>>> print(open('run07.cif').read())   # mmCIF, C-alpha atoms
data_input
#
loop_
_atom_site.label_atom_id
_atom_site.label_comp_id
_atom_site.auth_asym_id
_atom_site.auth_seq_id
_atom_site.Cartn_x
_atom_site.Cartn_y
_atom_site.Cartn_z
CA MET E 108 87.72 143.50 102.33
CA ASN E 109 91.44 144.15 101.83
CA GLN E 110 93.66 142.69 104.49
CA PRO E 111 96.67 144.52 105.95
CA ALA E 112 99.99 143.75 104.28
CA PHE E 113 101.40 141.99 107.37
CA VAL E 114 98.42 139.60 107.37
CA ARG E 115 98.98 138.69 103.72
CA ARG E 116 102.71 138.20 104.30
CA PHE E 117 102.17 135.94 107.29
CA ARG E 118 99.56 133.91 105.45
CA PHE E 119 101.77 133.42 102.39
CA PHE E 120 104.85 132.43 104.35
CA GLY E 121 102.87 130.34 106.83
CA ILE E 122 101.29 128.31 104.03
CA LEU E 123 104.71 127.97 102.37
CA THR E 124 106.12 126.61 105.63
CA VAL E 125 103.28 124.09 106.03
CA VAL E 126 103.86 122.87 102.46
CA ALA E 127 107.59 122.59 103.21
CA VAL E 128 106.89 120.51 106.32
CA TYR E 129 104.74 118.16 104.26
CA LEU E 130 107.54 117.95 101.69
CA LEU E 131 109.94 117.01 104.49
CA ILE E 132 107.55 114.27 105.60
CA LEU E 133 107.49 112.97 102.02
CA VAL E 134 111.29 113.03 101.83
CA GLY E 135 111.47 111.34 105.23
CA GLY E 136 109.26 108.59 103.82
CA ILE E 137 111.63 108.22 100.89
CA VAL E 138 114.52 107.94 103.34
CA ARG E 139 112.77 105.07 105.13
CA SER E 140 111.58 103.29 101.97
CA THR E 141 115.09 103.33 100.49
CA GLY E 142 116.70 102.20 103.74
CA SER E 143 118.70 105.43 103.98
CA GLY E 144 117.90 106.26 107.60
CA MET E 145 121.46 105.49 108.68
CA GLY E 146 123.07 106.93 105.56
CA CYS E 147 124.77 109.40 107.92
CA PRO E 148 125.88 107.67 111.14
CA ASP E 149 126.37 110.93 113.07
CA TRP E 150 124.46 114.19 113.60
CA PRO E 151 124.38 117.07 112.70
CA LYS E 152 127.40 116.38 110.51
CA CYS E 153 127.57 113.44 108.11
CA PHE E 154 130.63 111.24 108.54
CA GLY E 155 132.20 114.06 110.49
CA THR E 156 131.89 116.68 107.72
CA TRP E 157 129.29 119.21 106.56
CA VAL E 158 129.52 117.84 103.02
CA PRO E 159 129.37 114.03 103.06
CA PRO E 160 131.80 111.78 101.19
CA THR E 161 131.00 110.29 97.81
CA ALA E 162 133.21 107.19 98.06
CA VAL E 163 134.19 104.81 100.84
CA GLY E 164 137.86 105.56 100.13
CA GLN E 165 137.34 108.99 101.71
CA LEU E 166 136.62 107.34 105.06
CA PRO E 167 138.99 105.76 107.59
CA VAL E 168 139.39 101.99 107.27
CA ASN E 169 137.78 101.49 110.69
CA TYR E 170 134.95 104.02 110.18
CA LYS E 171 132.33 101.55 111.44
CA GLU E 172 134.06 101.14 114.79
CA ILE E 173 134.58 104.91 115.10
CA TYR E 174 130.92 105.85 114.61
CA THR E 175 129.57 102.92 116.58
CA GLU E 176 131.69 103.97 119.55
CA GLN E 177 130.49 107.56 119.25
CA ARG E 178 126.84 106.57 119.09
CA VAL E 179 127.06 104.12 122.00
CA ALA E 180 128.76 106.75 124.17
CA LYS E 181 126.05 109.31 123.31
CA ASN E 182 123.25 106.80 124.00
CA GLN E 183 124.74 105.94 127.37
CA ARG E 184 124.82 109.61 128.37
CA ILE E 185 121.20 110.07 127.24
CA ALA E 186 120.06 106.89 129.00
CA LYS E 187 121.68 107.94 132.28
CA THR E 188 119.99 111.35 132.10
CA LEU E 189 116.58 109.80 131.38
CA ASP E 190 117.09 107.31 134.20
CA LYS E 191 117.75 110.16 136.64
CA LEU E 192 114.59 111.93 135.43
CA GLY E 193 112.53 108.82 136.18
CA PHE E 194 112.15 107.45 132.65
CA LYS E 195 113.76 104.15 133.59
CA GLN E 196 112.01 101.98 130.99
CA VAL E 197 112.90 104.30 128.10
CA ALA E 198 116.46 104.56 129.41
CA ALA E 199 116.76 100.77 129.53
CA GLN E 200 115.52 100.46 125.96
CA ILE E 201 118.04 103.00 124.70
CA PHE E 202 120.91 101.61 126.75
CA ASP E 203 120.31 97.93 126.01
CA HIS E 204 118.91 97.97 122.47
CA PRO E 205 121.21 95.82 120.29
CA THR E 206 120.82 97.96 117.14
CA GLN E 207 123.03 100.68 118.61
CA TYR E 208 126.01 98.35 118.13
CA ILE E 209 125.24 97.75 114.44
CA GLU E 210 126.87 99.99 111.85
CA THR E 211 125.63 100.21 108.26
CA ASP E 212 128.01 99.83 105.34
CA PHE E 213 128.74 103.07 103.50
CA ASN E 214 126.50 103.65 100.50
CA ALA E 215 126.94 106.96 98.68
CA THR E 216 123.37 107.06 97.36
CA LYS E 217 121.82 106.43 100.76
CA THR E 218 124.19 108.89 102.41
CA TRP E 219 123.18 111.70 100.08
CA ILE E 220 119.47 110.88 100.35
CA GLU E 221 119.72 111.24 104.13
CA TYR E 222 121.91 114.34 103.79
CA LEU E 223 119.37 116.06 101.51
CA ASN E 224 116.69 115.18 104.04
CA ARG E 225 118.72 116.98 106.70
CA LEU E 226 119.28 120.00 104.47
CA LEU E 227 115.54 120.29 103.91
CA GLY E 228 114.98 120.00 107.65
CA ALA E 229 117.43 122.84 108.26
CA LEU E 230 115.68 124.95 105.62
CA ILE E 231 112.34 124.41 107.31
CA GLY E 232 113.91 125.53 110.57
CA VAL E 233 114.80 128.80 108.83
CA PHE E 234 111.26 129.05 107.41
CA ILE E 235 109.68 128.64 110.83
CA PHE E 236 112.07 131.20 112.34
CA LEU E 237 111.03 133.69 109.64
CA THR E 238 107.38 132.80 110.33
CA VAL E 239 107.93 133.83 113.96
CA LEU E 240 109.42 137.14 112.83
CA LEU E 241 106.45 137.76 110.54
CA ALA E 242 104.14 137.02 113.48
CA LEU E 243 105.56 139.90 115.55
CA PRO E 244 102.79 142.34 114.46
CA TYR E 245 100.29 139.96 116.09
CA LEU E 246 101.80 140.46 119.55
CA ARG E 247 99.40 143.36 120.15
CA ARG E 248 96.56 142.32 117.85
CA ASP E 249 96.33 138.59 118.60
CA PRO E 250 99.11 137.19 120.84
CA VAL E 251 97.84 133.65 120.28
CA VAL E 252 99.07 133.73 116.66
CA PHE E 253 102.55 134.73 117.75
CA GLY E 254 102.47 132.15 120.54
CA LEU E 255 101.55 129.37 118.11
CA ALA E 256 104.35 130.36 115.73
CA PHE E 257 106.90 130.58 118.55
CA LEU E 258 105.81 127.23 119.99
CA SER E 259 106.22 125.64 116.56
CA LEU E 260 109.79 127.01 116.50
CA LEU E 261 110.54 125.49 119.90
CA LEU E 262 109.10 122.15 118.78
CA THR E 263 111.18 122.31 115.62
CA GLY E 264 114.31 122.61 117.74
CA PHE E 265 113.10 119.69 119.86
CA GLN E 266 112.40 117.77 116.65
CA GLY E 267 115.97 118.33 115.50
CA TRP E 268 117.24 116.93 118.81
CA LEU E 269 114.92 113.93 118.42
CA GLY E 270 116.35 113.44 114.93
CA SER E 271 119.81 113.16 116.46
CA LEU E 272 118.49 110.49 118.84
CA VAL E 273 116.89 108.58 115.97
CA VAL E 274 120.34 108.42 114.37
CA SER E 275 122.31 107.67 117.53
CA THR E 276 119.93 104.83 118.50
CA ASN E 277 120.07 103.38 114.98
CA LEU E 278 116.37 104.04 114.26
CA LEU E 279 115.07 102.83 117.62
CA PRO E 280 111.32 102.26 116.97
CA GLU E 281 110.14 104.34 119.93
CA MET E 282 112.22 107.29 118.79
CA VAL E 283 110.90 107.08 115.23
CA THR E 284 107.31 107.07 116.53
CA VAL E 285 107.83 110.11 118.77
CA HIS E 286 109.59 111.87 115.87
CA MET E 287 106.49 111.37 113.69
CA ALA E 288 104.11 112.51 116.45
CA VAL E 289 106.01 115.76 116.97
CA ALA E 290 105.96 116.44 113.20
CA LEU E 291 102.15 116.18 113.23
CA LEU E 292 101.96 118.52 116.21
CA ILE E 293 104.07 121.11 114.38
CA VAL E 294 101.76 120.84 111.34
CA ALA E 295 98.70 121.39 113.55
CA LEU E 296 100.21 124.46 115.25
CA LEU E 297 101.16 126.07 111.94
CA ILE E 298 97.76 125.40 110.38
CA TYR E 299 96.01 126.92 113.39
CA ALA E 300 98.33 129.94 113.37
CA VAL E 301 97.79 130.63 109.67
CA ASP E 302 94.02 130.24 109.87
CA ARG E 303 93.66 132.36 113.01
CA SER E 304 95.90 135.09 111.55
CA GLN E 305 93.23 135.82 108.92
CA ARG E 306 90.77 137.05 111.54
CA VAL E 307 92.51 140.42 111.85
CA GLY E 308 90.33 143.06 110.24
CA GLN E 309 87.42 140.71 109.58
CA ASP E 310 83.88 141.77 110.35
CA SER E 311 80.51 140.04 110.30
CA GLN E 312 80.31 140.35 106.53
CA ASP E 313 83.20 137.90 106.20
CA VAL E 314 81.16 135.16 107.88
CA GLU E 315 78.85 132.95 105.85
CA PRO E 316 75.35 134.05 106.90
CA PHE E 317 73.33 130.93 106.14
CA TRP E 318 74.36 127.73 107.84
CA THR E 319 73.21 125.66 110.78
CA PRO E 320 75.57 124.19 113.39
CA SER E 321 75.06 120.47 113.94
CA ALA E 322 74.72 119.31 117.53
CA GLY E 323 77.61 117.12 118.67
CA LEU E 324 79.49 117.50 115.39
CA SER E 325 82.47 119.13 117.07
CA LEU E 326 83.05 115.97 119.09
CA TRP E 327 82.83 113.80 115.97
CA LEU E 328 85.38 116.02 114.21
CA TRP E 329 87.80 115.50 117.08
CA VAL E 330 87.14 111.75 117.04
CA ILE E 331 88.07 111.32 113.37
CA THR E 332 91.12 113.61 113.68
CA LEU E 333 92.49 111.81 116.73
CA ALA E 334 91.68 108.47 115.09
CA THR E 335 93.74 109.50 112.07
CA PHE E 336 96.56 110.57 114.38
CA GLY E 337 96.45 107.16 116.04
CA GLN E 338 96.36 105.40 112.68
CA ILE E 339 99.48 107.28 111.57
CA ILE E 340 101.32 106.32 114.75
CA LEU E 341 100.19 102.72 114.26
CA GLY E 342 101.45 102.94 110.70
CA THR E 343 104.93 103.95 111.89
CA GLN E 344 104.99 100.79 113.99
CA VAL E 345 103.98 98.72 110.96
CA ARG E 346 106.80 100.40 109.04
CA GLU E 347 109.20 99.36 111.79
CA GLN E 348 108.01 95.74 111.50
CA ILE E 349 108.57 95.90 107.75
CA ASP E 350 112.15 97.04 108.35
CA VAL E 351 112.75 94.05 110.63
CA VAL E 352 111.24 91.60 108.13
CA ALA E 353 113.14 93.16 105.24
CA ALA E 354 116.47 92.98 107.09
CA ALA E 355 115.85 89.32 108.03
CA ALA E 356 115.16 88.54 104.35
CA ASP E 357 118.26 90.49 103.28
CA TYR E 358 115.83 92.78 101.41
CA GLY E 359 114.85 89.97 99.05
CA SER E 360 111.58 88.03 98.53
CA ARG E 361 109.59 91.26 98.88
CA ALA E 362 106.32 89.52 97.97
CA ASN E 363 106.50 87.52 101.22
CA TRP E 364 107.00 90.43 103.59
CA VAL E 365 103.34 91.24 104.23
CA GLU E 366 102.40 87.75 105.37
CA GLN E 367 105.21 87.90 107.95
CA LEU E 368 103.86 91.03 109.61
CA GLY E 369 102.15 90.62 112.95
CA LEU E 370 98.97 91.77 114.66
CA THR E 371 99.84 95.46 114.40
CA PHE E 372 99.54 95.34 110.62
CA LYS E 373 96.18 93.56 110.78
CA VAL E 374 94.82 96.12 113.24
CA HIS E 375 96.15 98.96 111.06
CA ARG E 376 94.51 97.48 107.96
CA SER E 377 91.15 96.82 109.64
CA PHE E 378 91.07 100.20 111.36
CA SER E 379 91.17 101.91 107.97
CA LEU E 380 87.66 100.61 107.25
CA LEU E 381 86.38 102.06 110.52
CA LEU E 382 88.04 105.37 109.65
CA LEU E 383 86.30 105.38 106.28
CA LEU E 384 82.88 104.84 107.86
CA LEU E 385 83.47 107.51 110.52
CA ASN E 386 84.62 110.07 107.95
CA LEU E 387 81.68 109.37 105.66
CA TYR E 388 79.31 109.93 108.58
CA VAL E 389 81.02 113.19 109.55
CA ALA E 390 81.02 114.35 105.91
CA PHE E 391 77.26 113.73 105.77
CA ARG E 392 76.82 115.84 108.90
CA LEU E 393 78.97 118.61 107.41
CA TYR E 394 76.88 118.67 104.25
CA GLN E 395 73.83 119.31 106.45
CA THR E 396 75.37 122.51 107.83
CA ARG E 397 74.84 124.24 104.46
CA SER E 398 78.25 125.90 104.83
CA GLN E 399 80.10 125.83 101.51
CA ARG E 400 83.50 126.08 103.23
CA LEU E 401 82.80 123.09 105.45
CA GLN E 402 81.32 121.13 102.56
CA ARG E 403 84.46 121.75 100.49
CA LEU E 404 86.63 120.58 103.37
CA ALA E 405 84.47 117.47 103.71
CA ASN E 406 85.05 116.73 100.02
CA VAL E 407 88.81 117.18 100.44
CA VAL E 408 88.88 114.83 103.42
CA ILE E 409 86.95 112.11 101.58
CA VAL E 410 89.15 112.37 98.48
CA LEU E 411 92.32 112.21 100.59
CA LEU E 412 90.97 109.26 102.54
CA GLY E 413 90.09 107.45 99.31
CA LEU E 414 93.60 108.00 97.93
CA GLU E 415 95.12 106.92 101.24
CA ILE E 416 93.14 103.67 101.31
CA ALA E 417 94.03 103.00 97.66
CA ALA E 418 97.73 103.44 98.52
CA GLY E 419 97.33 101.11 101.50
CA VAL E 420 95.66 98.43 99.36
CA THR E 421 98.47 98.77 96.82
CA LEU E 422 101.04 98.22 99.55
CA ALA E 423 99.23 95.25 101.06
CA TYR E 424 98.48 93.35 97.86
CA PHE E 425 101.29 94.35 95.50
CA ALA E 426 104.39 93.46 97.52
CA LEU E 427 104.89 96.81 99.28
CA PRO E 428 106.21 98.85 96.32
CA ALA E 429 108.84 101.24 97.67
CA ALA E 430 107.54 104.18 95.62
CA VAL E 431 104.12 103.98 97.29
CA GLN E 432 105.35 103.90 100.89
CA PRO E 433 106.27 107.62 101.21
CA VAL E 434 103.08 108.58 99.32
CA HIS E 435 101.01 106.57 101.79
CA LEU E 436 102.60 108.37 104.74
CA THR E 437 102.34 111.84 103.21
CA LEU E 438 98.67 111.40 102.26
CA ALA E 439 97.92 110.37 105.85
CA THR E 440 99.56 113.50 107.28
CA VAL E 441 97.79 115.76 104.77
CA LEU E 442 94.51 114.06 105.74
CA PHE E 443 95.25 114.82 109.39
CA GLY E 444 95.90 118.47 108.50
CA ALA E 445 92.64 118.76 106.53
CA GLN E 446 90.67 117.25 109.41
CA PHE E 447 92.30 119.59 111.92
CA LEU E 448 91.54 122.58 109.70
CA THR E 449 87.90 121.44 109.57
CA ILE E 450 87.78 121.50 113.37
CA ILE E 451 89.12 125.07 113.40
CA ARG E 452 86.70 126.30 110.73
CA TYR E 453 83.70 124.61 112.33
CA ARG E 454 84.58 126.01 115.75
CA ARG E 455 84.93 129.52 114.32
CA GLN E 456 81.62 129.41 112.49
CA THR E 457 79.88 127.96 115.52
CA LYS E 458 81.02 130.98 117.54
CA THR E 459 80.10 133.57 114.92
CA GLN E 460 76.93 132.10 113.41
CA GLY E 461 74.80 133.74 116.10
CA GLN E 462 75.87 137.18 114.87
CA ALA E 463 75.66 136.29 111.19
CA ALA E 464 72.26 134.61 111.33
CA ILE E 465 70.31 137.32 113.22
CA PRO E 466 66.95 137.46 111.44
CA ARG E 467 65.75 140.78 110.03
CA VAL E 468 62.63 142.18 111.69
CA VAL E 469 59.90 143.12 109.26
CA ALA E 470 57.65 145.87 110.55
#
>>> encode(input="run07.cif", output="structure tokens")
Amino acid sequence: MNQPAFVRRFRFFGILTVVAVYLLILVGGIVRSTGSGMGCPDWPKCFGTWVPPTAVGQLPVNYKEIYTEQRVAKNQRIAKTLDKLGFKQVAAQIFDHPTQYIETDFNATKTWIEYLNRLLGALIGVFIFLTVLLALPYLRRDPVVFGLAFLSLLLTGFQGWLGSLVVSTNLLPEMVTVHMAVALLIVALLIYAVDRSQRVGQDSQDVEPFWTPSAGLSLWLWVITLATFGQIILGTQVREQIDVVAAAADYGSRANWVEQLGLTFKVHRSFSLLLLLLNLYVAFRLYQTRSQRLQRLANVVIVLLGLEIAAGVTLAYFALPAAVQPVHLTLATVLFGAQFLTIIRYRRQTKTQGQAAIPRVVA
């Protein structure tokens, strides 16, 4: 059946925003793999201007001291606030972490890579704001859709603030990890909002009539999705270890970096095998439901997981090629999104299958 125009508009722009968020994650991976995370030592401006410099001669002679002093002062204010709120351990890490006193030499390429990353982040903020406006018609029809869109906007603002902390703390590992976790949460909210928005105007004919829900499958879907979430967070910690090893080696001898990584990397690598087995089992269960939509999603998940493992093997055994690092991260986040969408679709069909599968009575 034809959907109302506002439903089509929200779906189009919602999907566009999700794709843009994934693009930002990819660009963020490029920022990390190129070592451009501190290309701009301040936030939201870059070297004190809205358009960053292209040569070191455009900066004061003592620019390192200037921006180090600014960042340390900001970190001290943040740490004192967190300490008063009861987050004493986090405050101590921010206040005492030695990296806040280190300033990176100006590099025009890295500065502009980070600056473009910020521009894309600002654009996505605009996209999500427009998504909220397009969700206004749902206030009466389905307030949950509007609530999800509005919450994603609030989290985007929070994410921008976290980004400023990532810069001011000179890529403090804990801040980078929280930054990644919030990005995944925003992706999940947007996916849920877009999918739920399509229910307006649907009737029982829109539901696939022949499928069988599988007992306990909902729990297994949550297990693999949360496991992927955990694997991504673990991967950010591995990435942080790589940064430490790379800096100690002065970014040379790349072939030796992997063997210098600690237990976190070994757990991350071994856990990928467990994830593969769990996802294969869940895919088998999804095939048994006889739902074409769920079977297609199962295929997507397995393909993404295969590509993700291939990228991980490439990183582990071919000296961590920089070009593969952002691809590895992006594939993992897309996998998480596909798994979360599978949960939503399975839950919907479980609720509606009773209506759709009512047997006809033959007199």
>>> residues_around(input="run07.cif", residues="Leu393 in chain E", least_positions_apart="6", cutoff="10 Å", atoms="all atoms listed in the file", output="ChimeraX atom specification")
/E:319-321,324,328,387,399-406,449,453
>>> residues_around(input="run07.cif", residues="range 148-163 of chain E", least_positions_apart="2", cutoff="10 Å", atoms="all atoms listed in the file", output="number ranges by chain")
E: 144-146, 165-168, 170-171, 173-175, 177-178, 210-216, 218-219, 221-222, 225, 267-268, 270-277
>>> residues_around(input="run07.cif", residues="range 125-127 of chain E", least_positions_apart="4", cutoff="7 Å", atoms="all atoms listed in the file", output="PDB file with C-alpha atoms, in the frame of the given file")
ATOM      1  CA  GLY E 121     102.870 130.340 106.830  1.00  0.00           C
ATOM      2  CA  LEU E 131     109.940 117.010 104.490  1.00  0.00           C
ATOM      3  CA  ILE E 231     112.340 124.410 107.310  1.00  0.00           C
ATOM      4  CA  VAL E 294     101.760 120.840 111.340  1.00  0.00           C
ATOM      5  CA  LEU E 297     101.160 126.070 111.940  1.00  0.00           C
TER       6      LEU E 297
END
>>> resolve_selection(input="run07.cif", expression="the PyMOL selection byres ((chain E and resi 295) around 10)", output="PDB file with C-alpha atoms, in the coordinates of the input")
ATOM      1  CA  VAL E 125     103.280 124.090 106.030  1.00  0.00           C
ATOM      2  CA  LEU E 255     101.550 129.370 118.110  1.00  0.00           C
ATOM      3  CA  SER E 259     106.220 125.640 116.560  1.00  0.00           C
ATOM      4  CA  VAL E 289     106.010 115.760 116.970  1.00  0.00           C
ATOM      5  CA  ALA E 290     105.960 116.440 113.200  1.00  0.00           C
ATOM      6  CA  LEU E 291     102.150 116.180 113.230  1.00  0.00           C
ATOM      7  CA  LEU E 292     101.960 118.520 116.210  1.00  0.00           C
ATOM      8  CA  ILE E 293     104.070 121.110 114.380  1.00  0.00           C
ATOM      9  CA  VAL E 294     101.760 120.840 111.340  1.00  0.00           C
ATOM     10  CA  LEU E 296     100.210 124.460 115.250  1.00  0.00           C
ATOM     11  CA  LEU E 297     101.160 126.070 111.940  1.00  0.00           C
ATOM     12  CA  ILE E 298      97.760 125.400 110.380  1.00  0.00           C
ATOM     13  CA  TYR E 299      96.010 126.920 113.390  1.00  0.00           C
ATOM     14  CA  ALA E 300      98.330 129.940 113.370  1.00  0.00           C
ATOM     15  CA  PHE E 443      95.250 114.820 109.390  1.00  0.00           C
ATOM     16  CA  GLY E 444      95.900 118.470 108.500  1.00  0.00           C
ATOM     17  CA  ALA E 445      92.640 118.760 106.530  1.00  0.00           C
ATOM     18  CA  GLN E 446      90.670 117.250 109.410  1.00  0.00           C
ATOM     19  CA  PHE E 447      92.300 119.590 111.920  1.00  0.00           C
ATOM     20  CA  LEU E 448      91.540 122.580 109.700  1.00  0.00           C
TER      21      LEU E 448
END
>>> closest_residue(input="run07.cif", among="E:Cys147, E:Ile331, E:Ala429, E:Val389", to="Leu223 in chain E", atoms="all atoms listed in the file")
E:Cys147
>>> residues_around(input="run07.cif", residues="range 334-344 of chain E", least_positions_apart="6", cutoff="9 Å", atoms="only C-alpha atoms", output="ChimeraX atom specification")
/E:280-281,283-285,287-288,291,371-372,374-375,378-379,382,436,439-440,442-443,446
>>> write_last_selection(input="run07.cif", atoms="C-alpha atoms", output="mmCIF file, in the coordinates of the input")
data_model
loop_
_atom_site.group_PDB
_atom_site.id
_atom_site.type_symbol
_atom_site.label_atom_id
_atom_site.label_comp_id
_atom_site.auth_asym_id
_atom_site.auth_seq_id
_atom_site.Cartn_x
_atom_site.Cartn_y
_atom_site.Cartn_z
ATOM 1 C CA PRO E 280 111.320 102.260 116.970
ATOM 2 C CA GLU E 281 110.140 104.340 119.930
ATOM 3 C CA VAL E 283 110.900 107.080 115.230
ATOM 4 C CA THR E 284 107.310 107.070 116.530
ATOM 5 C CA VAL E 285 107.830 110.110 118.770
ATOM 6 C CA MET E 287 106.490 111.370 113.690
ATOM 7 C CA ALA E 288 104.110 112.510 116.450
ATOM 8 C CA LEU E 291 102.150 116.180 113.230
ATOM 9 C CA THR E 371 99.840 95.460 114.400
ATOM 10 C CA PHE E 372 99.540 95.340 110.620
ATOM 11 C CA VAL E 374 94.820 96.120 113.240
ATOM 12 C CA HIS E 375 96.150 98.960 111.060
ATOM 13 C CA PHE E 378 91.070 100.200 111.360
ATOM 14 C CA SER E 379 91.170 101.910 107.970
ATOM 15 C CA LEU E 382 88.040 105.370 109.650
ATOM 16 C CA LEU E 436 102.600 108.370 104.740
ATOM 17 C CA ALA E 439 97.920 110.370 105.850
ATOM 18 C CA THR E 440 99.560 113.500 107.280
ATOM 19 C CA LEU E 442 94.510 114.060 105.740
ATOM 20 C CA PHE E 443 95.250 114.820 109.390
ATOM 21 C CA GLN E 446 90.670 117.250 109.410
#
>>> atom_distance(input="run07.cif", atom1="CA of Pro244 in chain E", atom2="CA of Val114 in chain E")
8.8 Å
>>> atom_distance(input="run07.cif", atom1="CA of Ile137 in chain E", atom2="CA of His286 in chain E")
15.6 Å
>>> resolve_selection(input="run07.cif", expression="the PyMOL selection byres ((chain E and resi 432) around 10)", output="PyMOL selection string")
chain E and resi 133+136-137+139-141+346+418-419+421-422+427-431+433-437
>>> residues_around(input="run07.cif", residues="Pro250 in chain E", least_positions_apart="6", cutoff="12 Å", atoms="all atoms listed in the file", output="list in words")
Val239, Ala242, Leu243, Pro244, Ala256, Phe257, Ala300, Arg303, Ser304 and Val307 of chain E
>>> atom_distance(input="run07.cif", atom1="CA of Leu383 in chain E", atom2="CA of Ile409 in chain E")
8.2 Å
>>> decode(input="run07.cif", residues="range 181-187 of chain E", atoms="all heavy atoms", output="compact mmCIF listing (two decimals), in the first residue's frame")
# COMPACT_ATOMS: atom_id res chain seq x y z
N LYS E 181 41.60 23.35 30.86
CA LYS E 181 40.27 22.77 30.63
C LYS E 181 40.14 21.43 31.32
O LYS E 181 39.11 21.15 31.96
CB LYS E 181 40.03 22.61 29.13
CG LYS E 181 38.68 22.02 28.79
CD LYS E 181 38.47 21.94 27.29
CE LYS E 181 37.11 21.35 26.95
NZ LYS E 181 36.88 21.29 25.49
N ASN E 182 41.17 20.59 31.24
CA ASN E 182 41.12 19.27 31.88
C ASN E 182 41.01 19.39 33.39
O ASN E 182 40.31 18.60 34.04
CB ASN E 182 42.37 18.47 31.52
CG ASN E 182 42.40 18.08 30.06
OD1 ASN E 182 41.38 18.12 29.39
ND2 ASN E 182 43.56 17.72 29.56
N GLN E 183 41.69 20.38 33.96
CA GLN E 183 41.62 20.57 35.40
C GLN E 183 40.21 20.97 35.84
O GLN E 183 39.71 20.50 36.86
CB GLN E 183 42.64 21.61 35.84
CG GLN E 183 44.09 21.13 35.73
CD GLN E 183 45.10 22.21 36.04
OE1 GLN E 183 44.77 23.40 36.09
NE2 GLN E 183 46.34 21.81 36.26
N ARG E 184 39.57 21.83 35.05
CA ARG E 184 38.19 22.21 35.37
C ARG E 184 37.25 21.01 35.29
O ARG E 184 36.40 20.81 36.16
CB ARG E 184 37.70 23.31 34.41
CG ARG E 184 38.40 24.65 34.59
CD ARG E 184 37.64 25.76 33.87
NE ARG E 184 37.53 25.50 32.43
CZ ARG E 184 38.41 25.91 31.53
NH1 ARG E 184 39.50 26.56 31.92
NH2 ARG E 184 38.22 25.67 30.24
N ILE E 185 37.41 20.21 34.23
CA ILE E 185 36.58 19.01 34.05
C ILE E 185 36.81 18.02 35.19
O ILE E 185 35.87 17.45 35.75
CB ILE E 185 36.84 18.36 32.69
CG1 ILE E 185 36.41 19.30 31.56
CG2 ILE E 185 36.12 17.02 32.58
CD1 ILE E 185 36.87 18.85 30.19
N ALA E 186 38.08 17.81 35.53
CA ALA E 186 38.42 16.84 36.57
C ALA E 186 37.84 17.26 37.92
O ALA E 186 37.33 16.42 38.67
CB ALA E 186 39.94 16.69 36.66
N LYS E 187 37.89 18.54 38.22
CA LYS E 187 37.33 19.02 39.49
C LYS E 187 35.82 18.81 39.53
O LYS E 187 35.27 18.42 40.56
CB LYS E 187 37.67 20.50 39.67
CG LYS E 187 39.14 20.76 39.98
CD LYS E 187 39.42 22.25 40.11
CE LYS E 187 40.89 22.51 40.39
NZ LYS E 187 41.20 23.96 40.48
